[in-house]
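A.B. asks: Handing you a structure now.
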Amino acid sequence: MRLVDRPWTAHQVRLTRLARPFMVAAVAIAAGLGLSAALPGYYVYLAISVIVAAVALLGLGIVSGSAGMIALCQLTFAAVGAWVVTGLNVAGAPGGFVLWLAAGGLVAGVVGLLVGLPALRLRGVNLAVVTLGLAAAVDVALVQVQFPGTTEGRFVDRPGPFGDDRSYFILCVLVLAACCLAVHFVQQGRWGSGWKSVAFSERGTAAAGGSVSSSKLTAFATSATLGGISGGLVVGQVGLALPASFTPIQSLALYVLAIMAGAYLIDMAIFGAVLWVAVPELLKRWGVPQDWGFVVFGVLGVQALTSGTNLGMIIRTALWRRSASKPVAPTVSDAAPSVSDAAPSVSDAAPTSDPAPHPSPAPARGSMVLEVDDLSMSFGHVQALRGVQLAVPEGAVVGLIGPNGAGKSTLVDVISGFLPRATGTVRLDGVSMAGRSPTRRARLGLRRTFQQDRVPPGLTVGAYVRYVARRRLAAEDIAEVLDFFGCPPERTRLADVDAGRRRLVEVAGHVLAQPRILLLDEPAAGLSHDEHLALAQRLRQAPARFGLSMLLIEHDLDLVRSVCDTITVLDFGEVLASGPQADVLADPAVLKAYMGETEML
Ligand code: ADP
Ligand code: MG
C-alpha cells in the first residue's frame with residue numbers, strides 16, 4: 001500500500017528518526033533559556049530541583065519501567081554522585097564541576113552494577129527489600145560520616161559562567177537534555193530492547209540469544225549513572241551535600257512516582273519531576289506539612305498499581321487517539337514491494353537467486369542438523385519424555401505431533417536448553433549442546449519459538465525482530481521477511497498486534513536470525529483457518545528461501561500434512577512412530593493414540 005507517490009527511502013526515514021530527538025532537545029533548551037530569564041528567582045531555584053529530580057526519574061524509568069525491576073535506592077546512587085563531587089572538591093581535583101559531575105555518574109554506575117548483581121538472583125519483593133535495606137544502611141552511614149567538606153563548610157563552586165542560579169539552571173537544562181538524548185537512543189537500541197524483553201519474559205530473552213544477566217546489569221548501571229548525575233547536580237545547587245537529601249523514604253517516594261507517572265517515557269519522567277517539586281510546594285503554601293507530599297505520592301502510586309495503568313499511558317493513549325485520525329507518515333515497509341505473491345515455490349526456488357537474507361553456508365556434512373538421542377525428562381512422578389530419538393536433516397521441515405500432554409513442548413524446552421536436568425544428548429551440526437545455556441544455543445543457531453506469548457508488547461515490531469535477529473539488517477530485508485510471514489509493518493507497536501500475529505512476528509524475527517534450525521511450538525495457534533493455510537504455504541517455502549531447517553510442532557494435522565514430509569509422533573513422552581508422512585499417519589498405533597482427537601479424523 002502506498003500512501004504517497006514518492007515513498008521515503010530507508011535512509012530518509014533513518015535520518016528523520018535521528019534528527020527529530022535533537023530538534024526536540026533544541027526546542028527544550030530554547031524554552032529553558034526563556035524560563036531562566038522569565039521566572040522569578042525562587043521559581044528558578046525550584047526549576048533546578050525539578051531538573052535534579054527529572055534526571056533521577058529518567059534512571060528509575062529504565063530500571064523499573066523498562067526492565068521491570070524494583071529498585072528502591074535511586075537516591076543512594078545520587079548520594080554516591082554527590083560524594084564523588086564533594087570529595088573531588090575537597091581534594092582540589094583538576095577539571096572542575098562538570099568533570100566531577102561526570103565522574104560522579106560513572107562511579108555511581110559502577111556501584112549500580114554491583115547492586116545489580118543480587119538482582120540476577122532476586123525478584124520482586126526480595127529485590128525491593130535488598131535495595132531498600134541498602135538505602136537505609138547508606139543513610140545511617142552518611143549521617144555518621146557526613147559528606148566530604150560538610151563539617152568544614154567547604155562549598156563546591158559552580159563552573160565559571162554558571163555561577164548564579166539563573167545560569168546554573170541553564171547548565172542543568174543542558175545536562176538534562178544530554179541525559180534525555182542518551183536515554184532515548186539507548187532505549188531505541190539493543191540495550192533498550194533487551195530491558196523490555198527481560199521485563200516481559202526472561203525465557204523469551206534467552207531464546208532470542210539475549211543475555212538476561214547483561215540486560216539486568218546494564219539497566220541497573222545506566223539507572224545508577226543517572227542517579228549519580230542527579231546527586232552531583234544537587235551539590236551544585238546547594239553548594240554542599242546533606243544526608244537529608246538522600247533518605248530511603250525519598251527513594252521510596254521517587255520510585256512510586258516513577259511507577260505512577262510512567263517514567264520510562266522521557267516526557268513523563270520530566271512531568272513526574274514537576275509533581276515531585278510542585279506537590280510539597282503547594283502543600284507548604286496551604287499550610288500543610290510538606291511530608292504529607294509522600295502520602296499524596298503513596299495514594300497516587302497505589303491507584304496506579306491497582307489500575308494497572310499510569311499517567312504516561314493515559315496521556316499517550318489520548319494523544320495517539322487524536323493523531324490516529326491524521327494522515328500517517330509513509331514508512332519503509334509501506335513502500336517495500338510485496339514479495340509474498342512473487343515468492344518462488346519450493347520446487348523452483350534456489351536459495352542463491354533469492355533476494356532475501358542469505359544464510360551462512362551450511363557445513364559440508366549435508367546430513368543431520370539436529371540429532372536428539374535418548375532424551376528423558378521427568379517432573380516429579382510425571383515422566384514427560386522417555387528415551388526420545390529424533391533427527392532433522394538439512395533443509396527439512398520435520399513435523400512433531402502428539403496428543404495434549406504428550407511431551408512436545410517439554411522436548412522443545414530440553415533441546416533449547418531450558419531444562420538442563422534432562423538426560424540424553426542433543427547435537428547441533430554434530431556438536432553436543434551439553435552444558436550450554438539457552439542463550440548460547442540460540443547464538444549457535446538453535447532457535448525456538450514458544451507456545452505461550454513471549455513477545456514483549458513494549459517494543460515495536462521492527463525493534464523486536466532486530467533484537468531477536470542479533471545482526472545488522474537492512475530495513476528492506478526486514479520489510480521483506482515481515483511481509484512474507486504476513487506480519488504488520490516495522491513501526492507497529494506490538495501491544496497493538498493480536499496474539500496470533502505476534503506469534504508470526506516471533507517466527508519472522510527468528511528467521512531473520514538465520515538459524516541452523518528453528519523449533520516452532522504450535523506457531524498457528526490463534527490464527528484463523530485461512531491464516532493457517534497461508535502459514536502452511538510460507539513454512540513450506542521457508543527452508544529453500546531462508547536456508548534453514550525446522551521442527552514443526554502443531555496440533556492442526558492439516559497444517560502438518562501440508563508442510564512436513566517426515567513426521568514423528570509422541571505419546572506419553574515416547575516416540576510412537578516416526579518416518580514418512582503417509583506411513584506414520586496410516587499407522588494403527590498412531591490412529592489409536594489420536595482417538596477422540598478430532599483433527600485426525
Ligand atoms: P504438550 O506440549 O505435548 O502438550 P507438555 O510438554 O507441555 O505437553 O507436557 C508433558 C507433560 O509434562 C504433561 O503431563 C505436563 O503436565 C507435564 N509438565 C510439563 N511441564 C511441567 C512442569 N514445569 N512441571 C510439572 N509438570 C510439567
Ligand atoms: Mg505444548
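All residue names refer to the C-alpha cells as shown: chains lettered A, B, ... in order, residues numbered from 1 in each chain, ligands numbered from 1 in order.
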Give me, as an MDAnalysis selection string, the set of residues whose atoms come within 8 Å of any atom of ligand 1, counting only C-alpha atoms and all ligand atoms.

C.D. replies: chainID A and resid 378:380 382:385 401:411 570 572:573

A.B. asks: Taking the backbone alone, and naming residues the way the document does, which bits of region 446-549 of chain A are strand (DSSP E) by DSSP, as a PyMOL selection string?

C.D. replies: chain A and resi 446-448+517-521+549

A.B. asks: Just asking: which residues within region 382-444 of chain A are alpha helix (DSSP H) according to DSSP, as a VMD selection string?

C.D. replies: chain A and resid 408 to 415 438 to 443

A.B. asks: Could you please take those selected residues and save all heavy atoms as a compact mmCIF listing (two decimals), in the first residue's frame?

C.D. replies:
# COMPACT_ATOMS: atom_id res chain seq x y z
N LYS A 408 5.51 -32.64 23.88
CA LYS A 408 6.09 -31.91 22.73
C LYS A 408 6.81 -30.64 23.20
O LYS A 408 7.96 -30.39 22.84
CB LYS A 408 4.99 -31.55 21.72
CG LYS A 408 4.17 -32.73 21.25
CD LYS A 408 3.13 -32.35 20.24
CE LYS A 408 2.02 -31.45 20.77
NZ LYS A 408 1.15 -32.06 21.78
N SER A 409 6.12 -29.83 24.01
CA SER A 409 6.75 -28.58 24.47
C SER A 409 7.94 -28.88 25.37
O SER A 409 8.95 -28.18 25.34
CB SER A 409 5.73 -27.72 25.23
OG SER A 409 4.73 -27.29 24.35
N THR A 410 7.81 -29.95 26.17
CA THR A 410 8.94 -30.33 27.04
C THR A 410 10.15 -30.68 26.18
O THR A 410 11.29 -30.30 26.50
CB THR A 410 8.54 -31.53 27.92
OG1 THR A 410 7.37 -31.17 28.65
CG2 THR A 410 9.64 -31.90 28.89
N LEU A 411 9.90 -31.37 25.06
CA LEU A 411 11.01 -31.74 24.18
C LEU A 411 11.71 -30.49 23.64
O LEU A 411 12.94 -30.41 23.61
CB LEU A 411 10.48 -32.62 23.02
CG LEU A 411 11.53 -33.07 22.01
CD1 LEU A 411 12.63 -33.90 22.68
CD2 LEU A 411 10.90 -33.88 20.88
N VAL A 412 10.91 -29.50 23.24
CA VAL A 412 11.49 -28.25 22.73
C VAL A 412 12.29 -27.56 23.84
O VAL A 412 13.39 -27.04 23.61
CB VAL A 412 10.38 -27.31 22.19
CG1 VAL A 412 10.98 -25.97 21.80
CG2 VAL A 412 9.70 -27.94 21.00
N ASP A 413 11.74 -27.58 25.06
CA ASP A 413 12.45 -26.96 26.19
C ASP A 413 13.80 -27.65 26.43
O ASP A 413 14.81 -27.00 26.68
CB ASP A 413 11.61 -27.06 27.48
CG ASP A 413 10.52 -26.02 27.52
OD1 ASP A 413 10.55 -25.09 26.69
OD2 ASP A 413 9.62 -26.11 28.39
N VAL A 414 13.80 -28.97 26.33
CA VAL A 414 15.06 -29.71 26.56
C VAL A 414 16.06 -29.40 25.45
O VAL A 414 17.22 -29.08 25.71
CB VAL A 414 14.79 -31.23 26.64
CG1 VAL A 414 16.11 -31.99 26.70
CG2 VAL A 414 13.94 -31.57 27.86
N ILE A 415 15.58 -29.46 24.20
CA ILE A 415 16.50 -29.23 23.07
C ILE A 415 17.10 -27.82 23.16
O ILE A 415 18.28 -27.61 22.90
CB ILE A 415 15.77 -29.43 21.72
CG1 ILE A 415 15.32 -30.88 21.57
CG2 ILE A 415 16.69 -29.03 20.56
CD1 ILE A 415 14.48 -31.14 20.33
N PRO A 438 20.57 -21.75 27.24
CA PRO A 438 19.66 -21.42 26.13
C PRO A 438 20.20 -20.26 25.29
O PRO A 438 20.11 -20.30 24.06
CB PRO A 438 18.38 -21.01 26.84
CG PRO A 438 18.42 -21.70 28.15
CD PRO A 438 19.86 -21.78 28.53
N THR A 439 20.78 -19.25 25.95
CA THR A 439 21.33 -18.10 25.22
C THR A 439 22.42 -18.57 24.26
O THR A 439 22.46 -18.18 23.09
CB THR A 439 21.92 -17.09 26.22
OG1 THR A 439 20.90 -16.68 27.12
CG2 THR A 439 22.49 -15.88 25.51
N ARG A 440 23.33 -19.41 24.77
CA ARG A 440 24.45 -19.90 23.97
C ARG A 440 23.93 -20.71 22.78
O ARG A 440 24.39 -20.56 21.66
CB ARG A 440 25.33 -20.77 24.88
CG ARG A 440 26.64 -21.14 24.38
CD ARG A 440 27.69 -20.03 24.55
NE ARG A 440 28.67 -20.16 23.47
CZ ARG A 440 28.79 -19.33 22.46
NH1 ARG A 440 28.04 -18.26 22.38
NH2 ARG A 440 29.66 -19.54 21.51
N ARG A 441 22.96 -21.58 23.05
CA ARG A 441 22.42 -22.42 21.97
C ARG A 441 21.77 -21.54 20.89
O ARG A 441 21.93 -21.79 19.70
CB ARG A 441 21.39 -23.42 22.53
CG ARG A 441 22.04 -24.44 23.42
CD ARG A 441 21.05 -25.47 23.94
NE ARG A 441 21.64 -26.17 25.09
CZ ARG A 441 21.28 -27.37 25.50
NH1 ARG A 441 20.32 -28.02 24.88
NH2 ARG A 441 21.86 -27.93 26.54
N ALA A 442 21.03 -20.50 21.37
CA ALA A 442 20.38 -19.61 20.40
C ALA A 442 21.43 -18.92 19.53
O ALA A 442 21.26 -18.77 18.32
CB ALA A 442 19.54 -18.57 21.14
N ARG A 443 22.54 -18.51 20.17
CA ARG A 443 23.59 -17.82 19.40
C ARG A 443 24.29 -18.75 18.42
O ARG A 443 24.83 -18.32 17.42
CB ARG A 443 24.62 -17.21 20.35
CG ARG A 443 24.04 -16.03 21.11
CD ARG A 443 25.05 -15.37 22.02
NE ARG A 443 24.39 -14.34 22.80
CZ ARG A 443 25.02 -13.59 23.72
NH1 ARG A 443 26.30 -13.78 23.93
NH2 ARG A 443 24.36 -12.68 24.39

A.B. asks: Please provide the set of residues having any atom within 12 Å of region 141-158 of chain A, restricted to only C-alpha atoms, with same-chain residues fewer than 2 positions apart removed, written as a PyMOL selection string.

C.D. replies: chain A and resi 76+79-93+96-101+134-139+160-169+171-172+232-248

A.B. asks: In Å, rounded to a single decimal, give me how far CA of Val455 (chain A) is from CA of Leu482 (chain A).

C.D. replies: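 Between CA of Leu482 (chain A) and CA of Val455 (chain A) the gap works out to 15.0 Å.
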
A.B. asks: Which one is closest to ligand 2: A:Leu419, A:Leu400, A:Leu283, A:Ile270? Count only C-alpha atoms and all ligand atoms.

C.D. replies: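 Among the listed residues, A:Leu400 lies closest to ligand 2.
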
A.B. asks: What is the distance between CA of Arg316 (chain A) and CA of Trp292 (chain A), in Å to one decimal?

C.D. replies: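 We find that CA of Arg316 (chain A) and CA of Trp292 (chain A) lie 28.8 Å from each other.
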
A.B. asks: List as a PyMOL selection string the protein and nucleic acid residues near region 124-126 of chain A, meaning an atom at most 12 Å away when only C-alpha atoms are counted, but skip any in the same chain fewer than 2 places from it.

C.D. replies: chain A and resi 64+68-72+118-122+128-133+199

A.B. asks: Using the selection just defined, write its residues with N, CA and C atoms as a PDB file, in the first residue's frame.

C.D. replies:
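Just written: out30.pdb:
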ATOM      1  N   SER A  64      12.929   0.403  36.526  1.00  0.00           N
ATOM      2  CA  SER A  64      11.617  -0.089  36.949  1.00  0.00           C
ATOM      3  C   SER A  64      10.651  -0.196  35.780  1.00  0.00           C
ATOM      4  N   GLY A  68      11.580  -3.616  34.347  1.00  0.00           N
ATOM      5  CA  GLY A  68      10.624  -4.288  35.221  1.00  0.00           C
ATOM      6  C   GLY A  68      11.171  -4.771  36.548  1.00  0.00           C
ATOM      7  N   MET A  69      12.192  -4.082  37.089  1.00  0.00           N
ATOM      8  CA  MET A  69      12.721  -4.498  38.404  1.00  0.00           C
ATOM      9  C   MET A  69      12.378  -3.434  39.445  1.00  0.00           C
ATOM     10  N   ILE A  70      12.331  -3.857  40.694  1.00  0.00           N
ATOM     11  CA  ILE A  70      12.039  -2.894  41.759  1.00  0.00           C
ATOM     12  C   ILE A  70      13.357  -2.468  42.388  1.00  0.00           C
ATOM     13  N   ALA A  71      13.684  -1.190  42.257  1.00  0.00           N
ATOM     14  CA  ALA A  71      14.920  -0.680  42.859  1.00  0.00           C
ATOM     15  C   ALA A  71      14.552   0.517  43.725  1.00  0.00           C
ATOM     16  N   LEU A  72      14.766   0.371  45.028  1.00  0.00           N
ATOM     17  CA  LEU A  72      14.328   1.422  45.952  1.00  0.00           C
ATOM     18  C   LEU A  72      15.515   2.194  46.531  1.00  0.00           C
ATOM     19  N   PRO A 118      22.838  -8.772  42.905  1.00  0.00           N
ATOM     20  CA  PRO A 118      21.782  -9.578  43.549  1.00  0.00           C
ATOM     21  C   PRO A 118      20.525  -9.681  42.695  1.00  0.00           C
ATOM     22  N   ALA A 119      20.305  -8.651  41.836  1.00  0.00           N
ATOM     23  CA  ALA A 119      19.099  -8.668  41.003  1.00  0.00           C
ATOM     24  C   ALA A 119      19.120  -9.830  40.013  1.00  0.00           C
ATOM     25  N   LEU A 120      20.299 -10.421  39.804  1.00  0.00           N
ATOM     26  CA  LEU A 120      20.360 -11.560  38.895  1.00  0.00           C
ATOM     27  C   LEU A 120      19.686 -12.778  39.518  1.00  0.00           C
ATOM     28  N   ARG A 121      19.620 -12.790  40.861  1.00  0.00           N
ATOM     29  CA  ARG A 121      19.000 -13.941  41.536  1.00  0.00           C
ATOM     30  C   ARG A 121      17.684 -13.576  42.202  1.00  0.00           C
ATOM     31  N   LEU A 122      17.522 -12.281  42.542  1.00  0.00           N
ATOM     32  CA  LEU A 122      16.331 -11.890  43.296  1.00  0.00           C
ATOM     33  C   LEU A 122      15.304 -11.238  42.385  1.00  0.00           C
ATOM     34  N   ALA A 128      13.217  -5.679  46.234  1.00  0.00           N
ATOM     35  CA  ALA A 128      12.797  -4.427  46.874  1.00  0.00           C
ATOM     36  C   ALA A 128      13.402  -4.321  48.268  1.00  0.00           C
ATOM     37  N   VAL A 129      13.335  -5.425  49.025  1.00  0.00           N
ATOM     38  CA  VAL A 129      13.847  -5.418  50.397  1.00  0.00           C
ATOM     39  C   VAL A 129      15.353  -5.164  50.391  1.00  0.00           C
ATOM     40  N   VAL A 130      16.060  -5.849  49.492  1.00  0.00           N
ATOM     41  CA  VAL A 130      17.517  -5.683  49.451  1.00  0.00           C
ATOM     42  C   VAL A 130      17.893  -4.237  49.119  1.00  0.00           C
ATOM     43  N   THR A 131      17.234  -3.654  48.112  1.00  0.00           N
ATOM     44  CA  THR A 131      17.610  -2.298  47.702  1.00  0.00           C
ATOM     45  C   THR A 131      17.207  -1.276  48.756  1.00  0.00           C
ATOM     46  N   LEU A 132      16.055  -1.480  49.393  1.00  0.00           N
ATOM     47  CA  LEU A 132      15.649  -0.539  50.448  1.00  0.00           C
ATOM     48  C   LEU A 132      16.578  -0.679  51.654  1.00  0.00           C
ATOM     49  N   GLY A 133      16.970  -1.921  51.945  1.00  0.00           N
ATOM     50  CA  GLY A 133      17.915  -2.154  53.045  1.00  0.00           C
ATOM     51  C   GLY A 133      19.237  -1.449  52.774  1.00  0.00           C
ATOM     52  N   ALA A 199      11.964  -7.663  30.910  1.00  0.00           N
ATOM     53  CA  ALA A 199      10.826  -7.326  31.772  1.00  0.00           C
ATOM     54  C   ALA A 199       9.637  -8.212  31.444  1.00  0.00           C
TER      55      ALA A 199
END

A.B. asks: Select, from A:Leu390, A:Ala54, A:Cys564, A:Leu520, the residue with the minimum atom-to-atom distance to ligand 2, counting only C-alpha atoms and all ligand atoms.

C.D. replies: A:Leu520

A.B. asks: Take CA of Leu428 (chain A) and CA of Leu548 (chain A) and report the distance between them in Å, one decimal.

C.D. replies: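 Separating CA of Leu428 (chain A) from CA of Leu548 (chain A) is a distance of 12.7 Å.
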
A.B. asks: Region 462-467 of chain A: which residues within 10 Å, counting only C-alpha atoms, same-chain residues fewer than 4 positions away excluded, as a ChimeraX atom specification?

C.D. replies: /A:188-194,196-197,205,208-210,455-458,471-475,478-479,482,488-494,505-513
